[in-house]
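Student: This one is final.csv, CSV, C-alpha atoms.
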```csv
chain,number,residue,atom,x,y,z
S,1,GLY,CA,128.1,20.3,65.0
S,2,GLN,CA,124.5,20.1,64.0
S,3,ASN,CA,122.9,19.3,60.7
S,4,ILE,CA,119.3,20.2,60.0
S,5,ASP,CA,117.6,19.3,56.8
S,6,GLN,CA,114.2,20.3,55.4
S,7,PRO,CA,112.9,20.6,51.9
S,8,THR,CA,113.5,23.8,50.1
S,9,GLU,CA,110.1,24.3,48.7
S,10,MET,CA,106.6,22.8,48.8
S,11,THR,CA,103.4,23.6,47.1
S,12,ALA,CA,99.8,22.8,48.2
S,13,THR,CA,96.2,23.6,47.5
S,14,GLU,CA,94.0,25.8,49.6
S,15,GLY,CA,92.0,23.7,52.0
S,16,ALA,CA,94.3,20.7,51.8
S,17,ILE,CA,96.8,19.3,54.4
S,18,VAL,CA,100.5,19.5,54.1
S,19,GLN,CA,103.3,17.9,56.1
S,20,ILE,CA,106.7,19.6,56.3
S,21,ASN,CA,109.5,17.3,57.4
S,22,CYS,CA,112.7,18.1,59.3
S,23,THR,CA,115.5,15.8,60.1
S,24,TYR,CA,118.4,16.6,62.4
S,25,GLN,CA,121.7,15.2,63.6
S,26,THR,CA,122.9,16.6,66.8
S,27,SER,CA,124.4,15.6,70.2
S,28,GLY,CA,122.7,16.3,73.4
S,29,PHE,CA,119.3,17.1,71.9
S,30,ASN,CA,117.1,19.4,74.1
S,31,GLY,CA,114.2,20.4,72.0
S,32,LEU,CA,112.9,21.3,68.5
S,33,PHE,CA,111.2,24.4,67.3
S,34,TRP,CA,109.0,25.4,64.4
S,35,TYR,CA,108.8,29.0,63.3
S,36,GLN,CA,106.7,30.6,60.6
S,37,GLN,CA,108.3,33.5,58.6
S,38,HIS,CA,106.5,35.5,56.0
S,39,ALA,CA,108.7,37.1,53.4
S,40,GLY,CA,110.7,40.1,54.8
S,41,GLU,CA,109.1,39.7,58.2
S,42,ALA,CA,110.1,38.4,61.6
S,43,PRO,CA,109.9,34.7,62.4
S,44,THR,CA,107.0,33.9,64.7
S,45,PHE,CA,107.0,31.0,67.1
S,46,LEU,CA,104.7,28.0,66.3
S,47,SER,CA,105.8,25.1,68.5
S,48,TYR,CA,108.4,23.6,70.7
S,49,ASN,CA,108.7,19.8,71.1
S,50,VAL,CA,110.8,18.2,73.8
S,51,LEU,CA,109.2,14.8,74.1
S,52,ASP,CA,108.2,12.3,71.4
S,53,GLY,CA,104.8,12.5,70.0
S,54,LEU,CA,102.3,14.8,68.4
S,55,GLU,CA,101.3,18.2,69.8
S,56,GLU,CA,98.3,19.9,68.3
S,57,LYS,CA,97.6,23.6,68.3
S,58,GLY,CA,94.6,24.6,66.2
S,59,ARG,CA,95.3,24.0,62.5
S,60,PHE,CA,99.0,23.3,63.2
S,61,SER,CA,100.5,20.2,64.8
S,62,SER,CA,104.1,19.2,65.4
S,63,PHE,CA,105.5,15.7,65.8
S,64,LEU,CA,108.8,14.6,67.2
S,65,SER,CA,110.7,11.3,67.2
S,66,ARG,CA,114.0,11.8,69.1
S,67,SER,CA,115.2,8.3,68.2
S,68,LYS,CA,114.9,9.0,64.5
S,69,GLY,CA,116.0,12.6,64.6
S,70,TYR,CA,112.8,13.5,62.9
S,71,SER,CA,110.1,16.0,63.2
S,72,TYR,CA,107.2,17.3,61.0
S,73,LEU,CA,104.9,20.2,61.0
S,74,LEU,CA,101.4,19.4,59.9
S,75,LEU,CA,99.2,22.2,58.5
S,76,LYS,CA,95.5,21.5,58.0
S,77,GLU,CA,92.8,23.4,56.2
S,78,LEU,CA,95.4,25.4,54.4
S,79,GLN,CA,94.7,29.1,53.8
S,80,MET,CA,96.4,31.4,51.4
S,81,LYS,CA,97.9,33.3,54.3
S,82,ASP,CA,99.8,30.1,55.2
S,83,SER,CA,102.2,30.8,52.3
S,84,ALA,CA,105.4,31.4,54.1
S,85,SER,CA,108.7,29.9,55.1
S,86,TYR,CA,108.7,27.4,57.9
S,87,LEU,CA,111.9,27.1,59.9
S,88,CYS,CA,112.9,24.1,61.9
S,89,ALA,CA,115.4,24.8,64.7
S,90,VAL,CA,117.1,22.6,67.3
S,91,HIS,CA,118.3,23.2,70.9
S,92,SER,CA,121.2,20.9,71.8
S,93,GLY,CA,124.2,20.4,74.0
S,94,GLY,CA,122.9,22.4,76.9
S,95,SER,CA,122.7,25.6,74.9
S,96,TYR,CA,119.4,27.4,74.7
S,97,ILE,CA,120.4,29.1,71.4
S,98,PRO,CA,118.5,27.5,68.5
S,99,THR,CA,120.2,26.4,65.4
S,100,PHE,CA,118.0,27.0,62.4
S,101,GLY,CA,117.5,25.0,59.3
S,102,ARG,CA,117.4,26.8,55.9
S,103,GLY,CA,113.6,26.8,56.0
S,104,THR,CA,110.9,25.4,53.7
S,105,SER,CA,109.1,27.8,51.5
S,106,LEU,CA,105.4,26.8,51.3
S,107,ILE,CA,103.3,28.1,48.5
S,108,VAL,CA,99.5,27.7,48.8
S,109,HIS,CA,97.6,28.1,45.6
S,110,PRO,CA,93.8,28.3,45.0
H,14,ASP,CA,103.4,42.8,67.0
H,15,SER,CA,105.9,40.9,69.2
H,16,GLY,CA,106.7,44.0,71.4
H,17,VAL,CA,110.4,44.0,70.2
H,18,THR,CA,111.3,47.1,68.3
H,19,GLN,CA,114.3,47.6,66.0
H,20,THR,CA,115.6,50.7,64.2
H,21,PRO,CA,116.2,51.6,61.5
H,22,LYS,CA,113.9,49.4,59.3
H,23,HIS,CA,116.1,49.9,56.3
H,24,LEU,CA,119.8,51.0,56.0
H,25,ILE,CA,121.8,51.5,52.8
H,26,THR,CA,125.5,52.2,53.1
H,27,ALA,CA,128.8,51.8,51.3
H,28,THR,CA,131.5,49.3,51.7
H,29,GLY,CA,134.0,50.2,54.4
H,30,GLN,CA,131.5,52.1,56.5
H,31,ARG,CA,130.2,51.5,60.0
H,32,VAL,CA,126.6,51.2,61.1
H,33,THR,CA,124.7,50.7,64.4
H,34,LEU,CA,121.5,48.8,64.7
H,35,ARG,CA,119.3,49.3,67.7
H,36,CYS,CA,116.9,46.9,69.5
H,37,SER,CA,114.5,47.4,72.4
H,38,PRO,CA,113.3,44.1,73.9
H,39,ARG,CA,109.8,43.4,75.1
H,40,SER,CA,109.0,44.9,78.5
H,41,GLY,CA,110.4,42.7,81.2
H,42,ASP,CA,112.6,40.6,79.0
H,43,LEU,CA,116.2,40.5,80.1
H,44,SER,CA,117.8,38.5,77.3
H,45,VAL,CA,118.5,39.9,73.8
H,46,TYR,CA,119.7,37.9,70.8
H,47,TRP,CA,121.0,39.0,67.5
H,48,TYR,CA,120.6,37.0,64.3
H,49,GLN,CA,121.7,37.5,60.7
H,50,GLN,CA,119.6,36.2,57.8
H,51,SER,CA,121.0,36.2,54.3
H,52,LEU,CA,119.6,34.4,51.3
H,53,ASP,CA,122.4,31.8,51.2
H,54,GLN,CA,123.0,31.3,54.9
H,55,GLY,CA,119.6,31.2,56.5
H,56,LEU,CA,119.1,32.5,60.0
H,57,GLN,CA,122.4,32.6,61.9
H,58,PHE,CA,122.8,33.3,65.6
H,59,LEU,CA,125.3,36.1,66.3
H,60,ILE,CA,125.4,36.9,70.0
H,61,GLN,CA,123.3,36.9,73.1
H,62,TYR,CA,123.2,39.3,76.1
H,63,TYR,CA,121.5,38.8,79.4
H,64,ASN,CA,121.0,41.7,81.8
H,65,GLY,CA,123.9,43.6,80.3
H,66,GLU,CA,126.4,40.8,80.1
H,67,GLU,CA,127.4,38.7,77.1
H,68,ARG,CA,126.0,35.2,77.5
H,69,ALA,CA,126.6,33.3,74.3
H,70,LYS,CA,128.5,33.9,71.1
H,71,GLY,CA,127.8,32.4,67.7
H,72,ASN,CA,129.1,33.0,64.2
H,73,ILE,CA,129.9,36.7,64.8
H,74,LEU,CA,132.7,38.3,62.9
H,75,GLU,CA,135.4,40.3,64.6
H,76,ARG,CA,134.2,43.3,62.7
H,77,PHE,CA,130.9,43.1,64.5
H,78,SER,CA,130.3,43.9,68.2
H,79,ALA,CA,127.3,44.4,70.4
H,80,GLN,CA,126.4,45.6,73.8
H,81,GLN,CA,123.3,45.7,76.1
H,82,PHE,CA,122.8,48.9,78.1
H,83,PRO,CA,121.4,49.3,81.6
H,84,ASP,CA,117.9,50.0,80.2
H,85,LEU,CA,118.2,46.7,78.5
H,86,HIS,CA,118.2,48.0,74.9
H,87,SER,CA,120.9,46.6,72.7
H,88,GLU,CA,123.0,47.8,69.8
H,89,LEU,CA,124.8,45.8,67.2
H,90,ASN,CA,127.8,47.6,65.6
H,91,LEU,CA,129.0,46.5,62.1
H,92,SER,CA,132.2,48.0,60.8
H,93,SER,CA,134.4,47.8,57.7
H,94,LEU,CA,131.3,46.7,55.9
H,95,GLU,CA,131.5,44.3,53.0
H,96,LEU,CA,129.0,43.5,50.2
H,97,GLY,CA,128.4,40.1,51.9
H,98,ASP,CA,127.2,41.8,55.1
H,99,SER,CA,124.0,42.7,53.2
H,100,ALA,CA,121.3,40.8,55.1
H,101,LEU,CA,118.3,41.1,57.4
H,102,TYR,CA,119.4,41.5,61.0
H,103,PHE,CA,116.9,40.4,63.6
H,104,CYS,CA,116.9,41.0,67.3
H,105,ALA,CA,114.9,38.7,69.6
H,106,SER,CA,114.2,38.8,73.3
H,107,SER,CA,113.2,36.4,76.0
H,108,VAL,CA,112.4,36.6,79.7
H,109,GLU,CA,115.3,34.5,80.9
H,110,THR,CA,118.5,33.3,79.4
H,111,ASP,CA,117.1,29.8,79.3
H,112,ALA,CA,113.6,30.6,78.0
H,113,TYR,CA,112.9,28.6,74.9
H,114,GLU,CA,110.4,31.1,73.4
H,115,GLN,CA,112.1,34.0,71.7
H,116,TYR,CA,110.2,37.0,70.4
H,117,PHE,CA,111.6,38.5,67.2
H,118,GLY,CA,111.6,42.1,66.2
H,119,PRO,CA,110.7,43.3,62.7
H,120,GLY,CA,114.3,43.3,61.6
H,121,THR,CA,116.7,45.8,59.9
H,122,ARG,CA,117.4,45.3,56.3
H,123,LEU,CA,121.0,46.3,55.6
H,124,THR,CA,122.2,46.9,52.0
H,125,VAL,CA,125.9,47.4,51.5
H,126,THR,CA,126.7,48.9,48.0
```
Will you turn the file into structure tokens for me?
Tutor:
Amino acid sequence: GQNIDQPTEMTATEGAIVQINCTYQTSGFNGLFWYQQHAGEAPTFLSYNVLDGLEEKGRFSSFLSRSKGYSYLLLKELQMKDSASYLCAVHSGGSYIPTFGRGTSLIVHP
Amino acid sequence: DSGVTQTPKHLITATGQRVTLRCSPRSGDLSVYWYQQSLDQGLQFLIQYYNGEERAKGNILERFSAQQFPDLHSELNLSSLELGDSALYFCASSVETDAYEQYFGPGTRLTVT
């Protein structure tokens, strides 16, 4: 089976930087996703990491270490609209169906 | 707007009843996925169809079934509903069965009373 862990909730200040961690245990790792989900809305795709290292996309960056079973999502210059749940999900075992973590609820305050 | 549509947006029904949720994928997408999201379980994969055929099955109860029609829209049927079936049901679509990027619809919020 797969086990994906991420913090339940985080708070941060507008304009700051926040790092949301995700650890996973799985066999046959293929890739790791990050999705953003505002309350009551659909998840939207943020990133997909297959290889180790940091991938930057605007204010958001995602890092992966396959040997450590670890990823993080880095959000810079936080805005109020970044308040949302951030879901970590993993592809593994030859399946292209992602297994999702429980999500991290990020609260950005002024 | 992802291009994936789902109807209805909200559904309130009683225990023991049966409902049908509908999903239309993005234009050109052949693969449809159904997910259930409840407060205590997070986002759980239910089932995937590709070009009309079932391709993968997740934690889908026997009381639930789905199909994908020739025009590629999909329906998720939930029967003998229980209180615990109350959740957000999302449909997602992708171009191919092995495409990593899925586009999620707005969801159907099901409340079983």
Student: Find the spatial neighbours of stretch 6-18 of chain S, counting all atoms listed in the file, within a cut-off of 8 Å - ignore same-chain residues fewer than 2 positions away - and output them as number ranges by chain.
Tutor: S: 4, 20-23, 74-80, 88, 101-110
Student: What does the structure give for the distance between atom CA of S:Phe100 and atom CA of H:Gln80, in Å to one decimal?
Tutor: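 For atom CA of S:Phe100 relative to atom CA of H:Gln80, the distance reads 23.4 Å.
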Student: Can you list, as a list in words, every protein, DNA or RNA residue that comes within 9 Å of H:Gln49 when you count only C-alpha atoms, leaving out same-chain residues fewer than 2 positions away?
Tutor: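 Counting only C-alpha atoms, the residues come to Trp47, Ser51, Gln54, Gly55, Leu56, Gln57, Phe58, Leu59, Asp98, Ala100, Leu101, Tyr102, Phe103 and Cys104 of chain H.
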Student: Mind writing the picked residues with C-alpha atoms as a compact mmCIF listing (two decimals), in the frame of the given file?
Tutor:
```
# COMPACT_ATOMS: atom_id res chain seq x y z
CA TRP H 47 121.00 39.00 67.50
CA SER H 51 121.00 36.20 54.30
CA GLN H 54 123.00 31.30 54.90
CA GLY H 55 119.60 31.20 56.50
CA LEU H 56 119.10 32.50 60.00
CA GLN H 57 122.40 32.60 61.90
CA PHE H 58 122.80 33.30 65.60
CA LEU H 59 125.30 36.10 66.30
CA ASP H 98 127.20 41.80 55.10
CA ALA H 100 121.30 40.80 55.10
CA LEU H 101 118.30 41.10 57.40
CA TYR H 102 119.40 41.50 61.00
CA PHE H 103 116.90 40.40 63.60
CA CYS H 104 116.90 41.00 67.30
```
Student: H:Gln50, H:Gln115, H:Thr124, H:Ser37: which is nearest H:Phe82, counting all atoms listed in the file?
Tutor: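 Going through H:Gln50, H:Gln115, H:Thr124, H:Ser37 one by one, the smallest distance to H:Phe82 is for H:Ser37.
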Student: For chain H, list the residues within 7 Å of chain S, counting all atoms listed in the file, and write the list as an NGL selection string.
Tutor: :H and (55-56 or 111 or 113 or 117-120)
Student: What does the distance from atom CA of H:Pro21 to atom CA of H:Leu34 come to in Å, to one decimal?
Tutor: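 Atom-to-atom, atom CA of H:Pro21 and atom CA of H:Leu34 are spaced 6.8 Å apart.
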Student: Distance atom CA of H:Arg31-atom CA of H:Leu94, one decimal place?
Tutor: 6.4 Å
Student: Considering all atoms listed in the file, return as a compact mmCIF listing (two decimals) with C-alpha atoms, in the frame of the given file whatever protein or nucleic-acid residues lie within 8 Å of S:Ser61, sequence-local ones (same chain, fewer than 3 positions apart) excluded.
Tutor:
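Output below, filename result-v2.txt:
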```txt
# COMPACT_ATOMS: atom_id res chain seq x y z
CA LEU S 54 102.30 14.80 68.40
CA GLU S 55 101.30 18.20 69.80
CA GLU S 56 98.30 19.90 68.30
CA LYS S 57 97.60 23.60 68.30
CA GLY S 58 94.60 24.60 66.20
CA LEU S 73 104.90 20.20 61.00
CA LEU S 74 101.40 19.40 59.90
CA LEU S 75 99.20 22.20 58.50
```
Student: Under the rule that all atoms listed in the file are counted, which of H:Leu89, H:Ile25, H:Asp42, H:Arg76 is the nearest residue to H:Glu114?
Tutor: H:Asp42
Student: Would you mind putting back N, CA, C and O atoms on stretch 37-48 of chain S, then writing it out as a JSON list (two decimals), keeping the file's coordinate frame?
Tutor:
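selection11.json, written as the output of this step:
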```
[["chain", "number", "residue", "atom", "x", "y", "z"],
["S", 37, "GLN", "N", 107.71, 32.20, 59.01],
["S", 37, "GLN", "CA", 108.30, 33.50, 58.60],
["S", 37, "GLN", "C", 107.71, 33.90, 57.26],
["S", 37, "GLN", "O", 108.01, 33.26, 56.24],
["S", 38, "HIS", "N", 106.92, 34.98, 57.24],
["S", 38, "HIS", "CA", 106.50, 35.50, 56.00],
["S", 38, "HIS", "C", 107.62, 36.38, 55.39],
["S", 38, "HIS", "O", 108.46, 36.90, 56.12],
["S", 39, "ALA", "N", 107.63, 36.48, 54.08],
["S", 39, "ALA", "CA", 108.70, 37.10, 53.40],
["S", 39, "ALA", "C", 109.00, 38.53, 53.92],
["S", 39, "ALA", "O", 108.09, 39.36, 54.01],
["S", 40, "GLY", "N", 110.25, 38.77, 54.30],
["S", 40, "GLY", "CA", 110.70, 40.10, 54.80],
["S", 40, "GLY", "C", 110.20, 40.41, 56.19],
["S", 40, "GLY", "O", 110.41, 41.54, 56.66],
["S", 41, "GLU", "N", 109.58, 39.44, 56.87],
["S", 41, "GLU", "CA", 109.10, 39.70, 58.20],
["S", 41, "GLU", "C", 109.81, 38.87, 59.26],
["S", 41, "GLU", "O", 110.65, 38.04, 58.92],
["S", 42, "ALA", "N", 109.48, 39.11, 60.52],
["S", 42, "ALA", "CA", 110.10, 38.40, 61.60],
["S", 42, "ALA", "C", 109.58, 36.96, 61.71],
["S", 42, "ALA", "O", 108.42, 36.72, 61.45],
["S", 43, "PRO", "N", 110.42, 36.02, 62.13],
["S", 43, "PRO", "CA", 109.90, 34.70, 62.40],
["S", 43, "PRO", "C", 108.97, 34.75, 63.63],
["S", 43, "PRO", "O", 109.19, 35.52, 64.58],
["S", 44, "THR", "N", 107.91, 33.96, 63.60],
["S", 44, "THR", "CA", 107.00, 33.90, 64.70],
["S", 44, "THR", "C", 106.94, 32.43, 65.22],
["S", 44, "THR", "O", 106.90, 31.50, 64.42],
["S", 45, "PHE", "N", 106.94, 32.27, 66.50],
["S", 45, "PHE", "CA", 107.00, 31.00, 67.10],
["S", 45, "PHE", "C", 105.72, 30.17, 66.89],
["S", 45, "PHE", "O", 104.62, 30.69, 67.03],
["S", 46, "LEU", "N", 105.87, 28.91, 66.49],
["S", 46, "LEU", "CA", 104.70, 28.00, 66.30],
["S", 46, "LEU", "C", 104.67, 26.94, 67.37],
["S", 46, "LEU", "O", 103.62, 26.70, 67.96],
["S", 47, "SER", "N", 105.80, 26.25, 67.59],
["S", 47, "SER", "CA", 105.80, 25.10, 68.50],
["S", 47, "SER", "C", 107.15, 24.79, 69.03],
["S", 47, "SER", "O", 108.17, 25.20, 68.44],
["S", 48, "TYR", "N", 107.17, 24.06, 70.14],
["S", 48, "TYR", "CA", 108.40, 23.60, 70.70],
["S", 48, "TYR", "C", 108.15, 22.18, 71.26],
["S", 48, "TYR", "O", 107.30, 22.00, 72.13]]
```
